[in-house]
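Below is one structure, written out as structure tokens, with a few remarks after it.
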Amino acid sequence: MMGKRSGQDKLFAADQVYLDFVGRDTLYGYMAQNREQMFRDEDFAALYCADNGRQSVPPSLAVSVLFLRAYEGVSFAEAVERTKYDLRWKVALGLEMEEVPMQKSALQEFEAKLVLHEMEEPILKKSIEEARRAGYLKSRKIRVALDTTPILGKGAVKDTYNLLGEGIEILGKRLAEVEKEEVTAWAQRQGFSRYFGSSLKGEAAIEWDDKAQREQLLTEIVQDGRRLLSLAEQGEEQHPEQAEAIQSDTALLRRLIAQDVEEKPEGGCQVKSGTAKDRVISVHDPEMRHGRKSASKRFNGHKAAVAVEMDSQLISAVEVLAGNAGDQEKALELVQQSERVMEATVAETVGDCAYGGGPTRRAFAEEERILTAKVPACHNRDCFSKSEFGIDLDQMEVRCPAGQSTRDYGSGGEGRGGQFVFAKATCQACPLRSQCVRGQGPRSISIQAEERLQQQARAHNQTEAGRQSLRERVVVEHRIARLVGLGIRKSRYFGRKKTRWQVVMAAVVANVSLVVRHCQRRAQNLEAATPAQALAQQTNAFLAAVSTFWARFLGLEANPGLATVVM
């Protein structure tokens with residue numbers, strides 16, 4: 001049953017005495033003065049039974065503690081300690097000095113409930129509503145910038161031997177649990193004790209420089225894994241109520257064997273050369289992936305994808321992608337999420353070169369959305385690149401740097417682009433051939449299915465409006481830097497779902513921090529204003545609040561601009 005905070009302030013609450021000491025213009029002071037609007041108990045009513053059970057900690061209080069935890073980057077245990085002894089937290093939360101609001105387990109359980117019920121987007125939306133209420137965000141027509149940044153996963157990354165060993169250990173523990181047997185005794189009885197010791201590789205009495213011995217150990221591990229998979233099949237038949245859990249651990253072990261191991265023609269196993277696509281790199285967090293931010297920068301984990309409103313710099317959408325996903329993945333979903341969260345229309349989306357590929361442009365064009373992003377450059381080593389050829393899609397003609405043209409076009413099929421080919425004799429006699437073609441054949445130019453969209457994008461990027469949008473895209477990098485400062489570079493959790501929660505809470509903190517700074521500047525301007533100007537500003541703020549109240553009461557859209565005192 002949901003607990004509720006009283007609408008009345010406590011006489012001996014810390015903010016009644018120490019608000020000015022902590023600072024009205026700090027984030028803690030802002031929370032103390034606006035906590036009733038920031039997070040309300042009724043916003044979380046769907047998470048609780050309406051008429052049964054023990055009364056919970058008020059959810060508005062619990063989510064406020066999670067907000068401060070994200071702001072200061074502390075653990076659950078430290079967050080609870082701060083509610084007991086930190087005067088700033090006491091003031092922000094409206095607690096009495098001797099009050100202990102909740103225990104660590106209750107805070108953890110509440111966060112898990114929020115993640116389970118997918119409350120990330122509503123909580124992010126609360127930060128935007130606060131920005132509108134404070135007058136920081138006014139427009140209902142916005143532009144957003146997109147970008148990604150790596151998140152280092154929490155799971156330990158292991159090599160093939162240890163991955164397989166841990167996969168066997170996890171499935172073994174599951175089968176021992178199903179059979180209600182102590183895991184060490186079960187492992188010894190089934191002959192899997194080597195996987196439940198201190199170190200599989202450390203206890204293996206082999207010479208690691210000897211390839212034959214390494215492959216012999218790998219073969220033994222794979223054989224044990226396959227034997228365990230057979231036991232798992234028997235366990236599913238004997239314990240159908242546990243079949244789903246067994247199948248999950250079985251699927252992981254099968255995948256680990258398939259991705260890293262191959263059979264040798266003469267018998268036995270060896271590690272596959274190269275890296276399998278979408279390779280699982282951690283048993284503890286199977287959603288982690290090898291990723292690249294650039295050709296030289298690698299990481300293991302996930303990617304945070306962020307949308308930022310370009311004028312206000314508020315974070316409007318968050319997703320967490322696989323570490324090996326392209327930056328442009330879910331770009332359209334980020335824009336749609338921005339519209340839901342901001343309750344506004346996205347007039348333009350701006351991204352870097354990663355968002356400028358043909359498929360992404362087509363997806364935006366089909367939704368009749370404007371996408372501004374650099375077109376990926378075409379390189380051809382020291383020879384003429386595709387960009388140095390004139391491509392006329394209306395006449396279906398291509399002109400080369402030497403002035404020769406061709407209409408010899410071969411289509412790759414509907415929606416697949418095609419290729420223009422110059423005459424072999426023309427290319428053979430061309431004085432610029434050495435700068436254009438390396439082989440013996442003629443020059444060809446590949447055409448994307450989205451070639452016309454790419455041409456339109458190049459033309460737009462050369463306009464003043466296009467160049468301005470690309471310059472202003474830098475705001476998303478500034479916001480990502482703020483999120484990194486709030487601790488998102490390393491995940492606190494296993495899995496992308498909980499990691500997304502971490503990034504969302506950091507985004508909420510970043511947004512509210514912008515609102516707090518806006519209020520600080522407004523207060524400073526008010527102090528510096530003449531008495532007449534100050535009175536006008538105060539009157540305008542009052543009239544805007546009244547206008548918003550009546551608009552909400554009557555179900556209309558507020559227009560604070562109608563309530564303005566002209567000085």
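Labeling convention for the structure tokens: chains A, B, ... as they appear, residues from 1 per chain, ligands from 1 in order of appearance.
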Sort by chain and increasing residue number a table of all residues of segment 491-521 of chain A within 12 Å of segment 107-116 of chain A, each with its closest pair of atoms and their distance in Å to one decimal, counting only C-alpha atoms, and write it as a Markdown table.
| residue | atom | partner | partner_atom | distance |
| --- | --- | --- | --- | --- |
| A:Tyr493 | CA | A:Ala112 | CA | 11.4 |
| A:Gly495 | CA | A:Val115 | CA | 11.9 |
| A:Arg496 | CA | A:Val115 | CA | 11.2 |
| A:Lys497 | CA | A:Val115 | CA | 7.6 |
| A:Lys498 | CA | A:Val115 | CA | 6.7 |
| A:Thr499 | CA | A:Val115 | CA | 10.0 |
| A:Arg500 | CA | A:Val115 | CA | 9.1 |
| A:Trp501 | CA | A:Val115 | CA | 6.7 |
| A:Gln502 | CA | A:Val115 | CA | 9.9 |
| A:Val504 | CA | A:Val115 | CA | 10.8 |
| A:Met505 | CA | A:Glu111 | CA | 10.9 |
### Task
Taking the DSSP assignment computed from this structure's backbone, write out as a ChimeraX atom specification all residues of segment 252-493 of chain A that belong to alpha helix (DSSP H).
/A:252-260,331-342,358-366,424-429,451-461,464-472,474-485
- Which residue gives the smallest distance to Pro376 of chain A among A:Cys519, A:Phe389, A:Gly356, A:Glu262, with only C-alpha atoms counted?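 Nearest candidate to Pro376 of chain A out of A:Cys519, A:Phe389, A:Gly356, A:Glu262: A:Gly356.
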Considering only C-alpha atoms, return as a compact mmCIF listing (two decimals) with N, CA and C atoms, in the first residue's frame whatever protein or nucleic-acid residues lie within 10 Å of Ser199 of chain A, sequence-local ones (same chain, fewer than 4 positions apart) excluded.
# COMPACT_ATOMS: atom_id res chain seq x y z
N ASN A 162 38.09 -19.43 -19.65
CA ASN A 162 37.34 -19.03 -18.46
C ASN A 162 35.87 -18.80 -18.76
N GLY A 165 34.38 -22.18 -18.77
CA GLY A 165 34.37 -22.69 -17.40
C GLY A 165 33.25 -22.06 -16.58
N ARG A 194 36.49 -29.47 -11.13
CA ARG A 194 37.52 -28.53 -11.58
C ARG A 194 36.93 -27.14 -11.87
N TYR A 195 35.62 -27.09 -12.13
CA TYR A 195 35.01 -25.81 -12.47
C TYR A 195 34.50 -25.05 -11.24
N GLU A 203 44.66 -23.97 -11.99
CA GLU A 203 44.80 -25.33 -11.50
C GLU A 203 45.09 -26.33 -12.62
N ALA A 204 45.06 -25.87 -13.87
CA ALA A 204 45.36 -26.76 -14.99
C ALA A 204 46.88 -26.95 -15.08
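Between atom CA of Ala212 of chain A and atom CA of Asp224 of chain A the separation is 18.5 Å.
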* Asked: Using only C-alpha atoms, which residues sit within 8 Å of Val516 of chain A once same-chain residues fewer than 3 positions away are excluded, as a ChimeraX atom specification?
  -> /A:25-27,30,512-513,519-520
query = Contacts of Ala134 of chain A at 10 Å or less, counting only C-alpha atoms, minus same-chain residues fewer than 3 places along, as a list in words?
reply = Asn34, Ile128, Glu129, Glu130, Ala131, Leu137, Lys138, Val515, Val516, His518, Cys519, Ala541 and Ala545 of chain A
- Task: Please identify all polymer residues within 10 Å of Arg433 of chain A, counting only C-alpha atoms, omitting same-chain residues fewer than 5 positions from it, and present them as a PyMOL selection string.
- Result: chain A and resi 383-384+402+426-428+438-439+442-443
N, CA and C atoms of the current selection, written as a PDB file, in the first residue's frame:
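Once everything was written out, this is part_1.pdb:
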ATOM      1  N   CYS A 383      43.352   7.775 -55.668  1.00  0.00           N
ATOM      2  CA  CYS A 383      42.619   7.996 -56.915  1.00  0.00           C
ATOM      3  C   CYS A 383      41.413   8.911 -56.677  1.00  0.00           C
ATOM      4  N   PHE A 384      40.805   9.344 -57.799  1.00  0.00           N
ATOM      5  CA  PHE A 384      39.626  10.194 -57.703  1.00  0.00           C
ATOM      6  C   PHE A 384      38.528   9.472 -56.917  1.00  0.00           C
ATOM      7  N   ALA A 402      37.754  14.035 -66.094  1.00  0.00           N
ATOM      8  CA  ALA A 402      38.345  14.309 -67.408  1.00  0.00           C
ATOM      9  C   ALA A 402      37.319  14.820 -68.410  1.00  0.00           C
ATOM     10  N   THR A 426      37.359   4.256 -73.569  1.00  0.00           N
ATOM     11  CA  THR A 426      37.486   5.643 -73.120  1.00  0.00           C
ATOM     12  C   THR A 426      38.450   5.747 -71.950  1.00  0.00           C
ATOM     13  N   CYS A 427      38.337   4.831 -70.999  1.00  0.00           N
ATOM     14  CA  CYS A 427      39.222   4.852 -69.824  1.00  0.00           C
ATOM     15  C   CYS A 427      40.666   4.521 -70.208  1.00  0.00           C
ATOM     16  N   GLN A 428      40.855   3.583 -71.162  1.00  0.00           N
ATOM     17  CA  GLN A 428      42.204   3.191 -71.574  1.00  0.00           C
ATOM     18  C   GLN A 428      42.948   4.368 -72.182  1.00  0.00           C
ATOM     19  N   ARG A 438      43.077   1.787 -60.849  1.00  0.00           N
ATOM     20  CA  ARG A 438      44.286   1.023 -60.540  1.00  0.00           C
ATOM     21  C   ARG A 438      44.375  -0.260 -61.359  1.00  0.00           C
ATOM     22  N   GLY A 439      43.246  -0.903 -61.611  1.00  0.00           N
ATOM     23  CA  GLY A 439      43.250  -2.175 -62.332  1.00  0.00           C
ATOM     24  C   GLY A 439      43.258  -1.975 -63.835  1.00  0.00           C
ATOM     25  N   PRO A 442      37.607  -0.678 -66.703  1.00  0.00           N
ATOM     26  CA  PRO A 442      37.162   0.713 -66.700  1.00  0.00           C
ATOM     27  C   PRO A 442      36.713   1.153 -65.303  1.00  0.00           C
ATOM     28  N   ARG A 443      36.533   2.461 -65.151  1.00  0.00           N
ATOM     29  CA  ARG A 443      36.081   3.008 -63.871  1.00  0.00           C
ATOM     30  C   ARG A 443      34.575   2.810 -63.730  1.00  0.00           C
TER      31      ARG A 443
END
